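The next block is upload-v6.cif, given as mmCIF, C-alpha atoms.
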```
data_my_file
#
loop_
_atom_site.label_atom_id
_atom_site.label_comp_id
_atom_site.auth_asym_id
_atom_site.auth_seq_id
_atom_site.Cartn_x
_atom_site.Cartn_y
_atom_site.Cartn_z
CA MET A 903 131.10 139.14 86.92
CA GLU A 904 127.81 140.86 87.46
CA PHE A 905 126.54 139.25 84.31
CA GLN A 906 127.09 135.84 85.71
CA ARG A 907 124.21 136.36 88.07
CA SER A 908 121.72 135.98 85.31
CA LEU A 909 123.66 133.24 83.65
CA THR A 910 123.39 131.13 86.68
CA SER A 911 119.92 132.13 87.71
CA LYS A 912 118.45 129.89 85.13
CA LEU A 913 115.77 127.44 85.98
CA LYS A 914 116.82 124.16 84.60
CA ALA A 915 114.31 123.36 81.95
CA VAL A 916 113.41 119.75 81.66
CA VAL A 917 113.07 117.81 78.51
CA LEU A 918 110.46 115.18 78.46
CA GLY A 919 110.89 111.93 76.76
CA PHE A 920 107.85 109.94 75.97
CA MET A 921 106.43 110.28 79.41
CA CYS A 922 108.95 111.00 82.03
CA LEU A 923 111.57 113.38 83.16
CA ILE A 924 114.80 112.44 81.56
CA SER A 925 117.68 114.61 82.54
CA LEU A 926 118.45 115.83 79.08
CA ASP A 927 118.06 119.44 79.98
CA ILE A 928 120.37 121.64 78.04
CA ALA A 929 119.82 125.02 79.62
CA ALA A 930 122.23 127.61 78.34
CA GLN A 931 125.86 127.29 79.27
CA SER A 932 128.35 130.10 79.63
CA GLY A 933 132.02 130.61 78.94
CA TRP A 934 132.58 132.02 82.41
CA THR A 935 133.58 130.15 85.53
CA LYS A 936 133.06 131.21 89.13
CA GLU A 937 135.65 133.00 91.18
CA LYS A 938 137.32 130.95 93.88
CA THR A 939 134.84 130.20 96.73
CA GLU A 940 132.05 131.97 94.88
CA GLY A 941 128.81 130.02 95.06
CA PHE A 942 125.35 129.91 93.59
CA TYR A 943 122.64 127.69 95.04
CA GLN A 944 119.13 127.44 93.72
CA LEU A 945 115.97 125.55 94.54
CA SER A 946 113.34 125.65 91.83
CA PHE A 947 109.98 124.16 91.09
CA GLN A 948 108.61 123.63 87.62
CA SER A 949 105.43 122.28 86.20
CA LEU A 950 104.18 120.98 82.87
CA LYS A 951 100.84 119.67 81.68
CA SER A 952 100.39 118.50 78.14
CA LYS A 953 98.26 116.40 75.83
CA ASP A 954 100.54 117.05 72.84
CA TYR A 955 102.95 114.22 72.28
CA TYR A 956 105.26 114.21 69.26
CA SER A 957 106.06 110.69 68.12
CA LEU A 958 109.39 109.39 66.90
CA GLU A 959 108.22 110.23 63.38
CA GLY A 960 107.44 113.79 64.47
CA ASP A 961 103.68 113.32 64.26
CA LEU A 962 101.55 115.17 66.79
CA LEU A 963 99.32 112.86 68.83
CA LYS A 964 96.62 113.90 71.24
CA THR A 965 96.95 111.72 74.32
CA ASN A 966 95.61 111.61 77.83
CA GLN A 967 96.97 114.58 79.72
CA PHE A 968 100.44 114.08 81.12
CA SER A 969 101.64 116.16 84.04
CA GLN A 970 105.04 116.53 85.59
CA GLN A 971 106.29 118.63 88.48
CA SER A 972 109.86 118.78 89.65
CA LEU A 973 111.74 120.17 92.61
CA ILE A 974 115.33 120.76 91.53
CA PHE A 975 118.52 121.71 93.26
CA TYR A 976 121.13 123.49 91.18
CA GLY A 977 124.44 124.67 92.56
CA GLU A 978 127.74 126.09 91.35
CA TYR A 979 130.91 126.46 93.37
CA GLY A 980 134.22 127.98 92.33
CA VAL A 981 137.00 125.64 93.43
CA THR A 982 139.53 127.96 91.81
CA ASP A 983 139.10 130.98 89.59
CA LYS A 984 139.28 128.66 86.61
CA PHE A 985 137.51 125.58 87.88
CA THR A 986 133.85 125.33 88.86
CA ILE A 987 131.85 122.35 90.05
CA ILE A 988 128.17 122.31 89.17
CA ALA A 989 125.48 120.01 90.54
CA ASN A 990 122.05 119.60 89.04
CA TRP A 991 119.75 117.24 90.90
CA PRO A 992 115.99 116.78 90.68
CA LEU A 993 115.25 116.13 94.35
CA GLN A 994 111.77 114.94 93.57
CA THR A 995 109.78 114.52 90.40
CA TRP A 996 106.08 113.78 90.23
CA ASN A 997 104.76 112.09 87.08
CA GLY A 998 101.29 111.01 86.11
CA PHE A 999 98.61 110.86 83.48
CA GLU A 1000 95.05 111.91 84.07
CA THR A 1001 94.20 108.20 83.79
CA THR A 1002 96.83 107.01 86.28
CA GLU A 1003 97.99 107.63 89.78
CA THR A 1004 100.90 110.03 90.29
CA VAL A 1005 104.26 108.51 91.18
CA SER A 1006 107.36 110.31 92.38
CA GLY A 1007 111.02 109.77 93.03
CA ILE A 1008 114.44 111.38 92.97
CA GLY A 1009 116.17 112.02 89.67
CA ASP A 1010 119.64 111.43 88.31
CA LEU A 1011 122.47 113.57 89.66
CA ARG A 1012 124.52 115.49 87.16
CA LEU A 1013 127.92 116.66 88.32
CA GLU A 1014 129.63 119.07 85.98
CA PHE A 1015 133.32 119.93 86.06
CA LYS A 1016 133.93 123.16 84.22
CA HIS A 1017 137.31 124.56 83.29
CA ALA A 1018 138.03 128.02 81.90
CA LEU A 1019 140.21 127.73 78.81
CA LEU A 1020 140.25 131.48 78.30
CA LYS A 1021 138.99 133.96 80.84
CA LYS A 1022 139.54 137.64 80.14
CA TYR A 1023 138.81 138.90 76.63
CA PHE A 1024 137.28 135.80 75.13
CA PRO A 1025 135.67 133.70 77.86
CA LEU A 1026 135.78 130.10 76.75
CA SER A 1027 135.06 127.04 78.88
CA ILE A 1028 134.90 123.31 78.51
CA SER A 1029 133.03 121.03 80.85
CA MET A 1030 132.46 117.34 81.45
CA ALA A 1031 129.25 116.39 83.14
CA PRO A 1032 128.71 112.76 84.10
CA GLU A 1033 125.13 111.99 84.93
CA LEU A 1034 124.90 109.43 87.69
CA PRO A 1035 121.88 107.14 87.41
CA ILE A 1036 120.83 107.32 91.05
CA GLY A 1037 117.24 108.16 90.22
CA ARG A 1038 114.44 105.65 90.21
CA ALA A 1039 114.79 103.91 86.85
CA ASN A 1040 111.43 102.13 86.98
CA HIS A 1041 108.30 103.33 88.67
CA PHE A 1042 104.95 101.99 87.57
CA ALA A 1043 101.84 104.08 87.94
CA LYS A 1044 98.60 102.11 88.13
CA SER A 1045 95.70 103.03 85.95
CA LYS A 1046 92.67 104.62 87.55
CA VAL A 1047 90.33 103.26 84.89
CA SER A 1048 91.55 99.68 84.44
CA ASP A 1049 92.68 97.42 87.23
CA PHE A 1050 95.27 95.56 85.14
CA GLU A 1051 96.93 98.48 83.34
CA GLN A 1052 99.99 100.39 84.47
CA ILE A 1053 102.68 102.53 82.92
CA ASN A 1054 106.32 103.13 83.66
CA LEU A 1055 107.01 106.72 84.72
CA PRO A 1056 110.55 106.65 86.09
CA SER A 1057 112.25 109.70 87.57
CA GLY A 1058 115.67 108.61 86.27
CA ASP A 1059 116.73 107.14 82.97
CA GLY A 1060 118.82 104.36 84.50
CA GLU A 1061 121.84 104.88 82.26
CA PHE A 1062 125.20 106.52 82.78
CA ASN A 1063 125.91 109.31 80.33
CA VAL A 1064 128.36 112.17 79.99
CA TRP A 1065 127.75 115.62 78.58
CA THR A 1066 130.73 117.48 77.13
CA THR A 1067 130.17 121.19 76.53
CA LEU A 1068 132.16 123.96 74.90
CA ALA A 1069 130.81 127.43 75.68
CA THR A 1070 131.76 131.02 75.05
CA SER A 1071 130.38 134.32 76.30
CA PHE A 1072 130.66 138.03 75.79
CA ALA A 1073 129.66 141.11 77.75
CA LEU A 1074 129.32 144.59 76.41
CA PRO A 1075 131.43 147.14 78.26
CA SER A 1076 129.03 150.05 78.20
CA ILE A 1077 125.64 148.46 78.83
CA PRO A 1078 124.67 145.51 81.03
CA PHE A 1079 124.17 143.08 78.20
CA TYR A 1080 125.69 139.64 77.71
CA GLY A 1081 125.47 136.68 75.38
CA ASN A 1082 126.36 132.98 75.44
CA LEU A 1083 126.89 130.34 72.79
CA PHE A 1084 127.45 126.66 73.45
CA THR A 1085 127.56 123.26 71.87
CA SER A 1086 127.27 119.93 73.71
CA TYR A 1087 127.65 116.25 73.03
CA ASN A 1088 125.97 113.63 75.18
CA PHE A 1089 127.64 110.25 75.22
CA ARG A 1090 124.94 107.80 76.24
CA THR A 1091 125.40 104.20 77.27
CA GLN A 1092 122.74 101.59 77.92
CA TYR A 1093 120.18 100.41 80.43
CA GLU A 1094 119.51 96.71 80.90
CA GLY A 1095 120.99 95.86 77.52
CA VAL A 1096 119.18 98.63 75.64
CA SER A 1097 121.62 101.07 74.06
CA PHE A 1098 120.67 104.68 73.46
CA SER A 1099 121.67 107.01 70.68
CA ASP A 1100 124.15 109.77 71.52
CA GLN A 1101 122.86 113.32 71.30
CA PHE A 1102 124.19 116.74 70.46
CA ALA A 1103 122.90 120.15 71.40
CA ILE A 1104 123.45 123.78 70.50
CA GLY A 1105 122.21 126.88 72.22
CA ALA A 1106 122.38 130.63 72.67
CA GLU A 1107 121.34 133.09 75.33
CA ILE A 1108 121.16 136.86 75.70
CA GLY A 1109 120.50 138.82 78.86
CA TYR A 1110 119.98 142.41 79.96
CA HIS A 1111 119.92 144.11 83.34
CA ILE A 1112 116.96 146.47 83.68
CA ALA A 1113 117.35 149.45 86.00
CA ASP A 1114 120.11 147.62 87.80
CA ILE A 1115 117.47 145.46 89.46
CA VAL A 1116 115.88 142.86 87.21
CA TRP A 1117 117.83 140.55 84.96
CA VAL A 1118 115.90 139.31 81.96
CA ASN A 1119 117.06 136.69 79.49
CA ALA A 1120 115.98 134.83 76.39
CA ARG A 1121 117.32 131.47 75.30
CA LEU A 1122 117.16 129.23 72.31
CA ASN A 1123 118.50 125.70 72.28
CA ALA A 1124 118.08 122.55 70.30
CA LEU A 1125 118.70 118.86 70.80
CA SER A 1126 119.07 116.10 68.24
CA SER A 1127 119.93 112.42 68.19
CA VAL A 1128 123.16 111.43 66.50
CA ASP A 1129 121.56 108.27 65.12
CA GLU A 1130 118.17 108.06 63.53
CA VAL A 1131 115.83 106.31 65.96
CA ASP A 1132 112.95 104.83 63.99
CA VAL A 1133 111.67 102.30 66.49
CA ALA A 1134 111.52 102.95 70.18
CA THR A 1135 113.72 100.53 72.02
CA ASP A 1136 112.57 102.22 75.17
CA PHE A 1137 110.22 105.19 74.96
CA VAL A 1138 110.53 106.42 78.49
CA ARG A 1139 114.26 107.05 78.59
CA GLY A 1140 114.38 109.78 75.99
CA ASP A 1141 115.80 107.72 73.14
CA GLY A 1142 115.20 109.56 69.88
CA THR A 1143 114.08 112.76 71.60
CA GLU A 1144 114.63 115.89 69.51
CA TYR A 1145 113.36 119.45 69.82
CA THR A 1146 113.98 123.14 69.63
CA GLY A 1147 113.32 124.93 72.89
CA TYR A 1148 113.01 128.59 73.77
CA SER A 1149 112.61 130.27 77.11
CA PHE A 1150 112.28 133.62 78.79
CA GLY A 1151 113.39 134.30 82.29
CA ALA A 1152 113.67 137.04 84.86
CA SER A 1153 115.23 137.35 88.28
CA MET A 1154 115.38 140.01 90.93
CA PRO A 1155 116.78 140.38 94.45
CA VAL A 1156 114.34 139.96 97.30
CA TYR A 1157 116.60 140.06 100.37
CA LYS A 1158 120.35 140.60 100.50
CA ASN A 1159 121.86 137.84 98.34
CA ILE A 1160 118.61 135.96 97.91
CA HIS A 1161 116.87 136.26 94.58
CA LEU A 1162 113.61 135.17 93.04
CA SER A 1163 113.55 133.82 89.50
CA LEU A 1164 110.77 133.11 87.04
CA ASN A 1165 111.01 131.16 83.83
CA TYR A 1166 108.79 130.13 80.97
CA ARG A 1167 109.87 127.52 78.47
CA ASN A 1168 108.26 126.00 75.41
CA TYR A 1169 109.16 124.05 72.29
CA ASN A 1170 108.93 124.37 68.52
CA ASP A 1171 110.45 122.95 65.33
CA TRP A 1172 112.73 125.81 64.29
CA ILE A 1173 116.07 123.98 64.33
CA PHE A 1174 115.17 120.37 65.08
CA GLU A 1175 111.65 119.02 64.80
CA ARG A 1176 110.04 117.75 67.95
CA LYS A 1177 110.27 113.99 68.32
CA ASN A 1178 109.49 111.73 71.27
CA ILE A 1179 108.55 114.63 73.49
CA TYR A 1180 105.59 116.12 75.30
CA SER A 1181 105.45 119.71 74.16
CA SER A 1182 103.87 122.44 76.21
CA GLY A 1183 104.72 125.45 78.27
CA VAL A 1184 106.86 124.76 81.33
CA PHE A 1185 106.51 127.23 84.16
CA GLY A 1186 109.25 127.58 86.69
CA LEU A 1187 109.71 129.42 89.95
CA GLY A 1188 112.96 129.48 91.85
CA VAL A 1189 114.83 130.97 94.77
CA TYR A 1190 118.58 131.27 94.70
CA TYR A 1191 121.34 132.41 96.98
CA GLU A 1192 124.64 133.81 95.82
CA HIS A 1193 127.78 133.80 97.86
CA LYS A 1194 130.38 136.33 96.80
CA PRO A 1195 133.93 136.09 98.11
CA GLN A 1196 135.23 139.04 100.10
CA LYS A 1197 137.32 141.37 97.96
CA LYS A 1198 140.76 141.90 99.47
CA MET B 1170 89.23 62.92 125.38
CA LYS B 1171 89.93 65.96 123.19
CA LYS B 1172 93.52 64.80 122.56
CA VAL B 1173 92.30 61.37 121.52
CA PHE B 1174 89.96 62.95 119.03
CA ILE B 1175 92.76 65.04 117.51
CA LEU B 1176 95.08 62.02 117.26
CA PHE B 1177 92.36 60.00 115.60
CA TYR B 1178 91.70 62.80 113.14
CA VAL B 1179 95.40 63.23 112.23
CA ALA B 1180 95.75 59.48 111.74
CA PHE B 1181 92.72 59.50 109.48
CA LEU B 1182 94.18 62.33 107.38
CA GLY B 1183 97.43 60.43 107.06
CA LEU B 1184 95.69 57.34 105.77
CA VAL B 1185 93.67 59.34 103.27
CA SER B 1186 96.64 61.29 101.95
CA CYS B 1187 98.67 58.12 101.48
CA ALA B 1188 96.05 56.62 99.20
CA ASP B 1189 97.32 55.67 95.76
CA ASP B 1190 95.65 58.48 93.78
CA THR B 1191 96.33 58.97 90.10
CA ASP B 1192 97.91 62.31 89.10
CA PRO B 1193 95.28 64.90 88.18
CA VAL B 1194 95.13 66.12 84.59
CA THR B 1195 95.88 69.83 84.48
CA ILE B 1196 93.99 71.80 81.90
CA ASP B 1197 95.37 75.25 81.07
CA PRO B 1198 92.37 77.32 80.00
CA THR B 1199 94.61 80.02 78.52
CA THR B 1200 96.06 77.83 75.77
CA PRO B 1201 94.30 75.85 73.06
CA THR B 1202 93.77 72.15 73.41
CA GLY B 1203 95.12 70.23 70.45
CA THR B 1204 95.45 72.11 67.18
CA LEU B 1205 94.25 75.68 66.70
CA ASN B 1206 92.41 75.97 63.40
CA VAL B 1207 92.90 79.64 62.43
CA THR B 1208 90.04 80.97 60.34
CA ARG B 1209 90.96 84.66 60.08
CA SER B 1210 94.36 86.27 60.41
CA GLY B 1211 96.33 89.41 59.66
CA THR B 1212 99.67 91.15 60.08
CA PHE B 1213 100.24 93.96 62.55
CA ILE B 1214 100.72 97.46 61.18
CA ASP B 1215 102.98 99.47 63.45
CA GLN B 1216 101.72 102.74 64.90
CA ASN B 1217 103.58 105.55 66.68
CA GLY B 1218 106.97 103.94 66.51
CA ALA B 1219 106.05 101.13 68.87
CA GLY B 1220 107.77 98.56 66.68
CA SER B 1221 104.67 96.37 66.46
CA MET B 1222 105.07 93.43 64.11
CA GLY B 1223 103.99 89.85 63.60
CA THR B 1224 100.74 88.07 62.92
CA ALA B 1225 97.45 87.64 64.72
CA GLY B 1226 94.83 84.97 64.06
CA LEU B 1227 91.43 83.93 65.39
CA GLY B 1228 90.51 80.25 65.47
CA LEU B 1229 89.03 77.28 67.27
CA ASP B 1230 90.90 74.55 69.10
CA THR B 1231 89.98 70.87 68.94
CA GLU B 1232 87.43 71.34 71.72
CA GLY B 1233 85.72 74.19 69.88
CA LYS B 1234 87.00 76.94 72.15
CA GLU B 1235 87.94 80.17 70.41
CA PHE B 1236 91.37 81.76 70.80
CA LEU B 1237 93.28 84.76 69.53
CA GLN B 1238 96.82 83.78 68.66
CA PHE B 1239 99.87 85.99 68.17
CA GLY B 1240 102.61 84.39 66.08
CA SER B 1241 106.15 83.73 67.26
CA ASN B 1242 107.30 86.83 65.33
CA PHE B 1243 105.06 89.16 67.36
CA ASN B 1244 106.55 92.20 69.06
CA THR B 1245 105.59 95.65 70.29
CA ALA B 1246 106.81 98.23 72.82
CA LEU B 1247 106.35 96.32 76.05
CA ALA B 1248 108.85 98.11 78.31
CA THR B 1249 106.75 101.24 78.71
CA GLY B 1250 103.70 99.78 80.33
CA THR B 1251 100.65 97.68 79.79
CA VAL B 1252 99.61 97.08 76.20
CA THR B 1253 96.03 95.87 76.04
CA VAL B 1254 94.70 93.74 73.21
CA TYR B 1255 91.25 94.45 71.81
CA LEU B 1256 89.11 93.03 69.05
CA SER B 1257 87.58 95.96 67.21
CA THR B 1258 85.06 96.65 64.45
CA SER B 1259 87.58 99.02 62.81
CA ALA B 1260 91.25 99.94 62.79
CA THR B 1261 90.50 102.81 65.16
CA PHE B 1262 90.01 102.50 68.90
CA MET B 1263 86.47 103.78 69.45
CA ALA B 1264 85.60 103.65 73.13
CA ASP B 1265 82.02 104.19 74.18
CA PRO B 1266 81.89 103.05 77.80
CA GLY B 1267 78.49 104.65 78.34
CA ASN B 1268 76.99 102.12 75.92
CA GLY B 1269 79.12 99.16 76.89
CA ASN B 1270 81.79 99.67 74.21
CA PRO B 1271 79.84 97.99 71.36
CA ASP B 1272 82.78 98.32 68.94
CA LEU B 1273 85.39 96.78 71.21
CA LEU B 1274 86.06 93.53 73.00
CA VAL B 1275 88.86 93.60 75.53
CA VAL B 1276 90.91 90.43 75.20
CA GLY B 1277 93.56 91.15 77.82
CA PRO B 1278 97.04 92.54 78.33
CA VAL B 1279 99.96 91.25 76.29
CA ARG B 1280 103.05 90.87 78.40
CA MET B 1281 105.69 89.28 76.19
CA ALA B 1282 106.99 89.13 72.66
CA GLY B 1283 106.54 85.97 70.63
CA GLU B 1284 103.67 83.53 70.65
CA ASN B 1285 100.70 84.49 72.82
CA PHE B 1286 97.24 82.99 73.24
CA PHE B 1287 94.14 84.75 74.50
CA ALA B 1288 91.01 82.80 75.28
CA ILE B 1289 87.84 84.38 73.92
CA PRO B 1290 85.07 84.28 76.54
CA SER B 1291 82.47 81.65 75.73
CA GLY B 1292 79.27 83.00 74.30
CA VAL B 1293 80.96 85.92 72.54
CA ASN B 1294 80.40 86.17 68.79
CA THR B 1295 83.57 87.56 67.24
CA ALA B 1296 82.23 87.71 63.70
CA LYS B 1297 81.69 91.48 63.75
CA TYR B 1298 85.26 92.26 64.82
CA THR B 1299 87.51 93.04 61.88
CA HIS B 1300 90.72 94.14 63.59
CA VAL B 1301 93.04 93.35 66.47
CA LEU B 1302 94.22 96.49 68.25
CA LEU B 1303 97.23 97.05 70.48
CA TRP B 1304 96.30 99.91 72.79
CA CYS B 1305 98.34 101.75 75.41
CA GLY B 1306 95.47 102.70 77.70
CA SER B 1307 97.32 104.91 80.17
CA VAL B 1308 98.53 107.22 77.43
CA GLY B 1309 95.57 106.69 75.14
CA ILE B 1310 97.41 105.90 71.90
CA PRO B 1311 97.49 102.87 69.58
CA PHE B 1312 100.65 100.81 69.21
CA GLY B 1313 99.40 98.85 66.20
CA ASN B 1314 96.53 97.07 64.51
CA ALA B 1315 96.07 93.92 62.47
CA PRO B 1316 93.19 93.56 60.00
CA LEU B 1317 91.65 90.11 60.20
CA GLN B 1318 90.91 88.46 56.86
#
```
Could you spell out this file's structure in structure tokens?
Amino acid sequence: MEFQRSLTSKLKAVVLGFMCLISLDIAAQSGWTKEKTEGFYQLSFQSLKSKDYYSLEGDLLKTNQFSQQSLIFYGEYGVTDKFTIIANWPLQTWNGFETTETVSGIGDLRLEFKHALLKKYFPLSISMAPELPIGRANHFAKSKVSDFEQINLPSGDGEFNVWTTLATSFALPSIPFYGNLFTSYNFRTQYEGVSFSDQFAIGAEIGYHIADIVWVNARLNALSSVDEVDVATDFVRGDGTEYTGYSFGASMPVYKNIHLSLNYRNYNDWIFERKNIYSSGVFGLGVYYEHKPQKK
Amino acid sequence: MKKVFILFYVAFLGLVSCADDTDPVTIDPTTPTGTLNVTRSGTFIDQNGAGSMGTAGLGLDTEGKEFLQFGSNFNTALATGTVTVYLSTSATFMADPGNGNPDLLVVGPVRMAGENFFAIPSGVNTAKYTHVLLWCGSVGIPFGNAPLQ
């Protein structure tokens, strides 16, 4: 179970659609579930600034600088030894271009229900994660250079969607090393009559515990649209977004069960080419608390 | 005395307002009067997946006022934010605000698909402009352009 610390200490990386936070994050998933009453609760802050926008055709465009900061709550709670509830909620997201004012709002709440299919020798889990569109689906930022221009920078995508994930994990018995593999499918619906393409994702993660103090991890994941999206029906809600993402993270205890985590994430074209995404390094800083049940 | 004055004034207003005036003729300065005689036109070339399509044309109405017209088949990505229409001396948006943007003429924001009219300010010579540009100013990218021929 020690390995689960690093699995859950992840900062939830955020995928950008054309110009806003869309909750398409596909941070690595594991095959493990929490023990009964075990909990993990994290508050993280992440920041991105980028002028590199990849169009729906995959062309790199230099734009005015876009910036996004997010304050995110992430929590896991073991209802039973085989059933874990996970919440992922951007409490506040700030979006803006260098040419516009910055606007902010809450994001969509993702509730994930994770069930352990196999637990001991071959950890295997399946989860369903409905994403509730409670975030602000339209938020216009006024231009600072033109009095009649504005742009929509919502903090939620406005649509109901459900992620389904199958994940497996392994841990080496002799050294503190683990690995995860997962695949996900995102069933998307529509917003105000505009339907979005479904998405699928794959990912892997490895982690190692250094000197029994610092957990380090490396992740690779990729997202693609099921349907080819040639023309943007709605840029800002992540339709047609594709990418390959990689990240490196570390976490260490600072006081009792409170830990500090750092994360760096970026994007490339290794598995899926970047499309409809702002690509740049995303820096994250988080604090998390772990509650371990008393051993009888 | 003051009340008498007020009563007299109200009665006067009532008489004036009840006069048998003819309905005023409303002139909408944003749409052409009579027929628009298009002299140069072109078809939008989509840029950056914005879905821009349709035709654009420059012409004079029956009163000699110049308008830019988008055809009924016009469309672009309008849900994201403001798309501003420019007349330009090339297919590329070349801003030079320090010198008064000599290669651009801002026409105005386009807010809907389908037919649109934009009045060209009087006194402006549009002869040097060869293209219509659709520009997303907040992001700083083009959504499309139409060469005028």
Name the residues that the PyMOL selection byres ((chain A) within 9 of (chain B)) picks from the file above, as an mmCIF file with C-alpha atoms, in the frame of the given file, using the file's chain letters and numbers.
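Everything below was put into result-v7.cif:
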```cif
data_model
loop_
_atom_site.group_PDB
_atom_site.id
_atom_site.type_symbol
_atom_site.label_atom_id
_atom_site.label_comp_id
_atom_site.auth_asym_id
_atom_site.auth_seq_id
_atom_site.Cartn_x
_atom_site.Cartn_y
_atom_site.Cartn_z
ATOM 1 C CA MET A 921 106.430 110.280 79.410
ATOM 2 C CA SER A 957 106.060 110.690 68.120
ATOM 3 C CA LEU A 958 109.390 109.390 66.900
ATOM 4 C CA GLU A 959 108.220 110.230 63.380
ATOM 5 C CA ASP A 961 103.680 113.320 64.260
ATOM 6 C CA LEU A 963 99.320 112.860 68.830
ATOM 7 C CA LYS A 964 96.620 113.900 71.240
ATOM 8 C CA THR A 965 96.950 111.720 74.320
ATOM 9 C CA ASN A 966 95.610 111.610 77.830
ATOM 10 C CA GLN A 967 96.970 114.580 79.720
ATOM 11 C CA PHE A 968 100.440 114.080 81.120
ATOM 12 C CA PHE A 999 98.610 110.860 83.480
ATOM 13 C CA GLU A 1000 95.050 111.910 84.070
ATOM 14 C CA THR A 1001 94.200 108.200 83.790
ATOM 15 C CA THR A 1002 96.830 107.010 86.280
ATOM 16 C CA PHE A 1042 104.950 101.990 87.570
ATOM 17 C CA ALA A 1043 101.840 104.080 87.940
ATOM 18 C CA LYS A 1044 98.600 102.110 88.130
ATOM 19 C CA SER A 1045 95.700 103.030 85.950
ATOM 20 C CA LYS A 1046 92.670 104.620 87.550
ATOM 21 C CA VAL A 1047 90.330 103.260 84.890
ATOM 22 C CA SER A 1048 91.550 99.680 84.440
ATOM 23 C CA PHE A 1050 95.270 95.560 85.140
ATOM 24 C CA GLU A 1051 96.930 98.480 83.340
ATOM 25 C CA GLN A 1052 99.990 100.390 84.470
ATOM 26 C CA ILE A 1053 102.680 102.530 82.920
ATOM 27 C CA ASN A 1054 106.320 103.130 83.660
ATOM 28 C CA LEU A 1055 107.010 106.720 84.720
ATOM 29 C CA ASP A 1132 112.950 104.830 63.990
ATOM 30 C CA VAL A 1133 111.670 102.300 66.490
ATOM 31 C CA ALA A 1134 111.520 102.950 70.180
ATOM 32 C CA THR A 1135 113.720 100.530 72.020
ATOM 33 C CA ASP A 1136 112.570 102.220 75.170
ATOM 34 C CA PHE A 1137 110.220 105.190 74.960
ATOM 35 C CA VAL A 1138 110.530 106.420 78.490
#
```
Using Å and a single decimal, report how far atom CA of Phe1089 of chain A sits from atom CA of Ser946 of chain A.
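Separating atom CA of Ser946 of chain A from atom CA of Phe1089 of chain A is a distance of 26.8 Å.
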Select, from B:Val1293, B:Met1222, B:Val1275, B:Leu1237, the residue with the minimum atom-to-atom distance to Tyr1255 of chain B, counting all atoms listed in the file.
B:Val1275
Determine the residue set returned by the PyMOL selection byres ((chain B and resi 1281) around 9) for the present structure, and present it as a PyMOL selection string.
chain B and resi 1243-1245+1247+1279-1280+1282-1285
If you measure from atom CA of Leu945 of chain A to atom CA of Gly977 of chain A, what distance in Å do you get, rounded to one decimal?
8.7 Å
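For the structure shown here, the set of residues caught by the PyMOL selection byres ((chain B and resi 1260) around 12) is Phe1213, Ile1214, Asp1215, Gln1216, Tyr1255, Leu1256, Ser1257, Thr1258, Ser1259, Thr1261, Phe1262, Met1263, Asp1272, Leu1273, Tyr1298, Thr1299, His1300, Val1301, Leu1302, Leu1303, Trp1304, Pro1311, Phe1312, Gly1313, Asn1314, Ala1315, Pro1316 and Leu1317 of chain B.
What separates atom CA of Gly1060 of chain A from atom CA of Pro1032 of chain A is a distance of 13.0 Å.
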Taking the partial coordinates given, rebuild segment 1269-1278 of chain B to contain N, CA and C atoms; return it as a PDB file, in the frame of the given file.
```pdb
ATOM      1  N   GLY B1269      78.542 100.493  76.777  1.00  0.00           N
ATOM      2  CA  GLY B1269      79.120  99.160  76.890  1.00  0.00           C
ATOM      3  C   GLY B1269      80.150  98.845  75.818  1.00  0.00           C
ATOM      4  N   ASN B1270      80.745  99.860  75.228  1.00  0.00           N
ATOM      5  CA  ASN B1270      81.790  99.670  74.210  1.00  0.00           C
ATOM      6  C   ASN B1270      81.383  98.661  73.136  1.00  0.00           C
ATOM      7  N   PRO B1271      80.341  98.968  72.340  1.00  0.00           N
ATOM      8  CA  PRO B1271      79.840  97.990  71.360  1.00  0.00           C
ATOM      9  C   PRO B1271      80.830  97.665  70.249  1.00  0.00           C
ATOM     10  N   ASP B1272      81.835  98.556  70.030  1.00  0.00           N
ATOM     11  CA  ASP B1272      82.780  98.320  68.940  1.00  0.00           C
ATOM     12  C   ASP B1272      84.065  97.637  69.402  1.00  0.00           C
ATOM     13  N   LEU B1273      84.141  97.329  70.670  1.00  0.00           N
ATOM     14  CA  LEU B1273      85.390  96.780  71.210  1.00  0.00           C
ATOM     15  C   LEU B1273      85.116  95.554  72.082  1.00  0.00           C
ATOM     16  N   LEU B1274      86.063  94.645  72.056  1.00  0.00           N
ATOM     17  CA  LEU B1274      86.060  93.530  73.000  1.00  0.00           C
ATOM     18  C   LEU B1274      87.458  93.438  73.596  1.00  0.00           C
ATOM     19  N   VAL B1275      87.549  93.692  74.897  1.00  0.00           N
ATOM     20  CA  VAL B1275      88.860  93.600  75.530  1.00  0.00           C
ATOM     21  C   VAL B1275      89.240  92.131  75.665  1.00  0.00           C
ATOM     22  N   VAL B1276      90.432  91.815  75.190  1.00  0.00           N
ATOM     23  CA  VAL B1276      90.910  90.430  75.200  1.00  0.00           C
ATOM     24  C   VAL B1276      91.867  90.208  76.372  1.00  0.00           C
ATOM     25  N   GLY B1277      92.644  91.261  76.681  1.00  0.00           N
ATOM     26  CA  GLY B1277      93.560  91.150  77.820  1.00  0.00           C
ATOM     27  C   GLY B1277      94.882  91.823  77.528  1.00  0.00           C
ATOM     28  N   PRO B1278      95.726  91.927  78.538  1.00  0.00           N
ATOM     29  CA  PRO B1278      97.040  92.540  78.330  1.00  0.00           C
ATOM     30  C   PRO B1278      98.020  91.568  77.692  1.00  0.00           C
TER      31      PRO B1278
END
```
